[in-house]
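All remarks here apply to the structure that follows.
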Amino acid sequence: MDHKKASAKRKQPVRPGNLLVITGPSGVGKGTLVQKLKPRVDKLRYSVSVTIRAMRPGEVDGESYFFRSRSEFEDMARQGAFMEYAEFAGNFYGTPRGWVSEELENGVDVILEIEVVGAKQIHSQYPDAVMIFISPPSFEELANRLRNRKTETEEKIKLRLEKAEQELQEKNVFQYEVVNDNLDEAVSNLEHIVYAERCRMLRA
């Protein structure tokens, strides 16, 4: 009898994975945190976006991006195939609804690293999504990080900082805040959030 009960337990359906939405202002270090987090947690995948831009050397379709033509992308958008999509530098990027849903159904946690506006759009569609806001230790430090990149003009940096100031005012609508001051501590905090959410019994 005990053996039958144990067998039944092993055959229980897989618990769906969590949708982890990581956002925050430009320059706060979202991408670095995600790259550091992935090897520390099993059953965790970074969402692979669909794009119309040309494939670069070393990239693999289905791993780096799902590469599609503009017409294919537009067809997918009309069919509601994206959770969210946006245009950057003349190219479109979108989060594929089907791919994300399949990963979640297989018990895999999926990370979406997107801008604040997109994060709020995702939350309106997926109220169970785990919303994580990455903050800088200070606004001054964020400005220093953007300038230390030395990849943009001062005018563009000022525009990013204006946007960041608005985004920081919205952080209280998210469930978690991780301050990226010490990189190792910030990654550790993200890891704890992932495991705590896996142990959650009920959703709000």
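Just remember, in the structure tokens the first chain shown is A, the second B, etc., residues are 1-based per chain, and ligands are 1-based in the order shown.
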
Using only C-alpha atoms, what table do you get, as a Markdown table, when you list each residue of region 33-137 of chain A with an atom no more than 9 Å from region 177-189 of chain A, its nearest pair of atoms, and their distance in Å rounded to one decimal, rows by chain then rising number?
| residue | atom | partner | partner_atom | distance |
| --- | --- | --- | --- | --- |
| A:Leu33 | CA | A:Val187 | CA | 5.8 |
| A:Val34 | CA | A:Val187 | CA | 7.9 |
| A:Lys36 | CA | A:Val187 | CA | 6.7 |
| A:Leu37 | CA | A:Val187 | CA | 5.9 |
| A:Met131 | CA | A:Glu177 | CA | 8.8 |
| A:Ile132 | CA | A:Glu177 | CA | 5.8 |
| A:Phe133 | CA | A:Glu177 | CA | 4.8 |
| A:Ile134 | CA | A:Val178 | CA | 5.0 |
| A:Ser135 | CA | A:Val179 | CA | 4.7 |
| A:Pro136 | CA | A:Asn180 | CA | 5.4 |
| A:Pro137 | CA | A:Asp181 | CA | 5.2 |

Next, dump the selected residues to file, keeping only all heavy atoms, as an mmCIF file, in the first residue's frame.
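New file selection07.cif:
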data_model
loop_
_atom_site.group_PDB
_atom_site.id
_atom_site.type_symbol
_atom_site.label_atom_id
_atom_site.label_comp_id
_atom_site.auth_asym_id
_atom_site.auth_seq_id
_atom_site.Cartn_x
_atom_site.Cartn_y
_atom_site.Cartn_z
ATOM 1 N N LEU A 33 23.248 40.750 -14.180
ATOM 2 C CA LEU A 33 22.662 39.969 -13.087
ATOM 3 C C LEU A 33 22.055 38.667 -13.599
ATOM 4 O O LEU A 33 22.248 37.606 -13.006
ATOM 5 C CB LEU A 33 21.597 40.792 -12.363
ATOM 6 C CG LEU A 33 22.099 41.954 -11.502
ATOM 7 C CD1 LEU A 33 20.924 42.778 -10.989
ATOM 8 C CD2 LEU A 33 22.921 41.452 -10.331
ATOM 9 N N VAL A 34 21.334 38.754 -14.712
ATOM 10 C CA VAL A 34 20.699 37.562 -15.270
ATOM 11 C C VAL A 34 21.753 36.551 -15.708
ATOM 12 O O VAL A 34 21.615 35.341 -15.464
ATOM 13 C CB VAL A 34 19.783 37.943 -16.454
ATOM 14 C CG1 VAL A 34 19.321 36.697 -17.212
ATOM 15 C CG2 VAL A 34 18.576 38.729 -15.956
ATOM 16 N N LYS A 36 24.702 36.125 -14.520
ATOM 17 C CA LYS A 36 25.312 35.549 -13.320
ATOM 18 C C LYS A 36 24.364 34.573 -12.617
ATOM 19 O O LYS A 36 24.796 33.618 -11.980
ATOM 20 C CB LYS A 36 25.707 36.659 -12.343
ATOM 21 C CG LYS A 36 26.822 37.569 -12.832
ATOM 22 C CD LYS A 36 28.180 36.923 -12.672
ATOM 23 C CE LYS A 36 29.301 37.901 -13.000
ATOM 24 N NZ LYS A 36 30.637 37.253 -12.869
ATOM 25 N N LEU A 37 23.063 34.849 -12.740
ATOM 26 C CA LEU A 37 22.072 34.020 -12.051
ATOM 27 C C LEU A 37 21.873 32.670 -12.716
ATOM 28 O O LEU A 37 21.742 31.647 -12.024
ATOM 29 C CB LEU A 37 20.739 34.779 -12.003
ATOM 30 C CG LEU A 37 19.549 34.032 -11.392
ATOM 31 C CD1 LEU A 37 19.765 33.815 -9.903
ATOM 32 C CD2 LEU A 37 18.247 34.805 -11.651
ATOM 33 N N MET A 131 7.264 39.870 -10.250
ATOM 34 C CA MET A 131 7.743 41.163 -10.730
ATOM 35 C C MET A 131 8.911 41.646 -9.872
ATOM 36 O O MET A 131 8.756 41.886 -8.663
ATOM 37 C CB MET A 131 6.612 42.185 -10.694
ATOM 38 C CG MET A 131 5.327 41.715 -11.377
ATOM 39 S SD MET A 131 5.551 41.433 -13.152
ATOM 40 C CE MET A 131 5.750 43.122 -13.711
ATOM 41 N N ILE A 132 10.085 41.794 -10.496
ATOM 42 C CA ILE A 132 11.315 42.155 -9.777
ATOM 43 C C ILE A 132 11.896 43.431 -10.376
ATOM 44 O O ILE A 132 12.177 43.487 -11.578
ATOM 45 C CB ILE A 132 12.352 41.023 -9.868
ATOM 46 C CG1 ILE A 132 11.745 39.702 -9.380
ATOM 47 C CG2 ILE A 132 13.595 41.381 -9.046
ATOM 48 C CD1 ILE A 132 12.611 38.488 -9.664
ATOM 49 N N PHE A 133 12.080 44.433 -9.549
ATOM 50 C CA PHE A 133 12.635 45.715 -9.992
ATOM 51 C C PHE A 133 14.087 45.817 -9.528
ATOM 52 O O PHE A 133 14.373 45.669 -8.336
ATOM 53 C CB PHE A 133 11.822 46.880 -9.413
ATOM 54 C CG PHE A 133 12.130 48.215 -10.032
ATOM 55 C CD1 PHE A 133 11.388 48.692 -11.089
ATOM 56 C CD2 PHE A 133 13.179 48.992 -9.556
ATOM 57 C CE1 PHE A 133 11.663 49.925 -11.676
ATOM 58 C CE2 PHE A 133 13.472 50.225 -10.125
ATOM 59 C CZ PHE A 133 12.712 50.689 -11.185
ATOM 60 N N ILE A 134 14.994 46.061 -10.469
ATOM 61 C CA ILE A 134 16.409 46.238 -10.144
ATOM 62 C C ILE A 134 16.685 47.737 -10.008
ATOM 63 O O ILE A 134 16.460 48.501 -10.943
ATOM 64 C CB ILE A 134 17.328 45.637 -11.230
ATOM 65 C CG1 ILE A 134 16.915 44.193 -11.542
ATOM 66 C CG2 ILE A 134 18.787 45.710 -10.779
ATOM 67 C CD1 ILE A 134 17.017 43.240 -10.375
ATOM 68 N N SER A 135 17.159 48.144 -8.841
ATOM 69 C CA SER A 135 17.435 49.556 -8.583
ATOM 70 C C SER A 135 18.933 49.796 -8.454
ATOM 71 O O SER A 135 19.676 48.911 -8.005
ATOM 72 C CB SER A 135 16.765 50.004 -7.278
ATOM 73 O OG SER A 135 15.367 50.008 -7.391
ATOM 74 N N PRO A 136 19.383 50.998 -8.791
ATOM 75 C CA PRO A 136 20.784 51.372 -8.539
ATOM 76 C C PRO A 136 20.933 51.781 -7.075
ATOM 77 O O PRO A 136 19.930 52.111 -6.425
ATOM 78 C CB PRO A 136 20.985 52.570 -9.472
ATOM 79 C CG PRO A 136 19.628 53.213 -9.512
ATOM 80 C CD PRO A 136 18.638 52.091 -9.455
ATOM 81 N N PRO A 137 22.137 51.760 -6.535
ATOM 82 C CA PRO A 137 22.327 52.211 -5.145
ATOM 83 C C PRO A 137 21.966 53.680 -4.960
ATOM 84 O O PRO A 137 21.571 54.097 -3.876
ATOM 85 C CB PRO A 137 23.807 51.952 -4.874
ATOM 86 C CG PRO A 137 24.439 51.834 -6.226
ATOM 87 C CD PRO A 137 23.383 51.271 -7.122
#

Shell around region 146-159 of chain A at 12 Å using only C-alpha atoms, local window under 6 positions removed, as a VMD selection string:
chain A and resid 25 to 29 136 139 to 140 165 to 166

Using DSSP on the backbone coordinates, identify all residues within region 17-92 of chain A classified as strand (DSSP E); present the result as a ChimeraX atom specification.
/A:19-23,44-46,50-51,66-67,82-88,91-92

Please identify every residue of region 153-186 of chain A that has at least one atom no farther than 12 Å from an atom of region 109-125 of chain A, counting only C-alpha atoms, and for each give the shortest atom pair and the distance in Å to one decimal, arranged by chain then increasing number, as CSV.
residue,atom,partner,partner_atom,distance
A:Lys163,CA,A:Val116,CA,10.1
A:Ala164,CA,A:Val116,CA,9.6
A:Glu165,CA,A:Val116,CA,11.9
A:Gln166,CA,A:Val116,CA,9.9
A:Glu167,CA,A:Val116,CA,6.7
A:Leu168,CA,A:Val116,CA,9.4
A:Gln169,CA,A:Val116,CA,10.9
A:Glu170,CA,A:Val116,CA,8.4
A:Lys171,CA,A:Val116,CA,8.9
A:Asn172,CA,A:Val116,CA,11.9
A:Val173,CA,A:Lys120,CA,9.0
A:Phe174,CA,A:Lys120,CA,9.0
A:Gln175,CA,A:His123,CA,11.1

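Note that CA of Met83 (chain A) and CA of Gly98 (chain A) are 9.0 Å apart.
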
Pairwise distance, CA of Val100 (chain A) with CA of Glu59 (chain A), equals 20.2 Å

Distance of CA of Gly24 (chain A) from CA of Phe67 (chain A), expressed in Å to one decimal place
26.2 Å

So, with only C-alpha atoms as the atoms that count, which of A:Tyr176, A:Tyr195, A:Phe66, A:Phe92 lies closest to Ile22 (chain A)?
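Once distances to Ile22 (chain A) are computed over only C-alpha atoms, the minimum belongs to A:Tyr176.
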
Region 110-149 of chain A: which residues are alpha helix (DSSP H) by DSSP, as a VMD selection string?
chain A and resid 116 to 125 139 to 149

Residues within 10 Å of region 68-78 of chain A, please, as a PyMOL selection string. Count only C-alpha atoms; anything in the same chain fewer than 3 positions from it doesn't count.
chain A and resi 50-55+61+65+81-85+91-94+96

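Taking only C-alpha atoms into account, Glu197 (chain A) lies nearest to A:Ala129 out of the set A:Val14, A:Ala129, A:Leu104, A:Val60.
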
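With only C-alpha atoms as the atoms that count, the residue of A:Glu103, A:Asn18, A:Ser64, A:Thr23 with the shortest distance to Ala196 (chain A) is A:Asn18.
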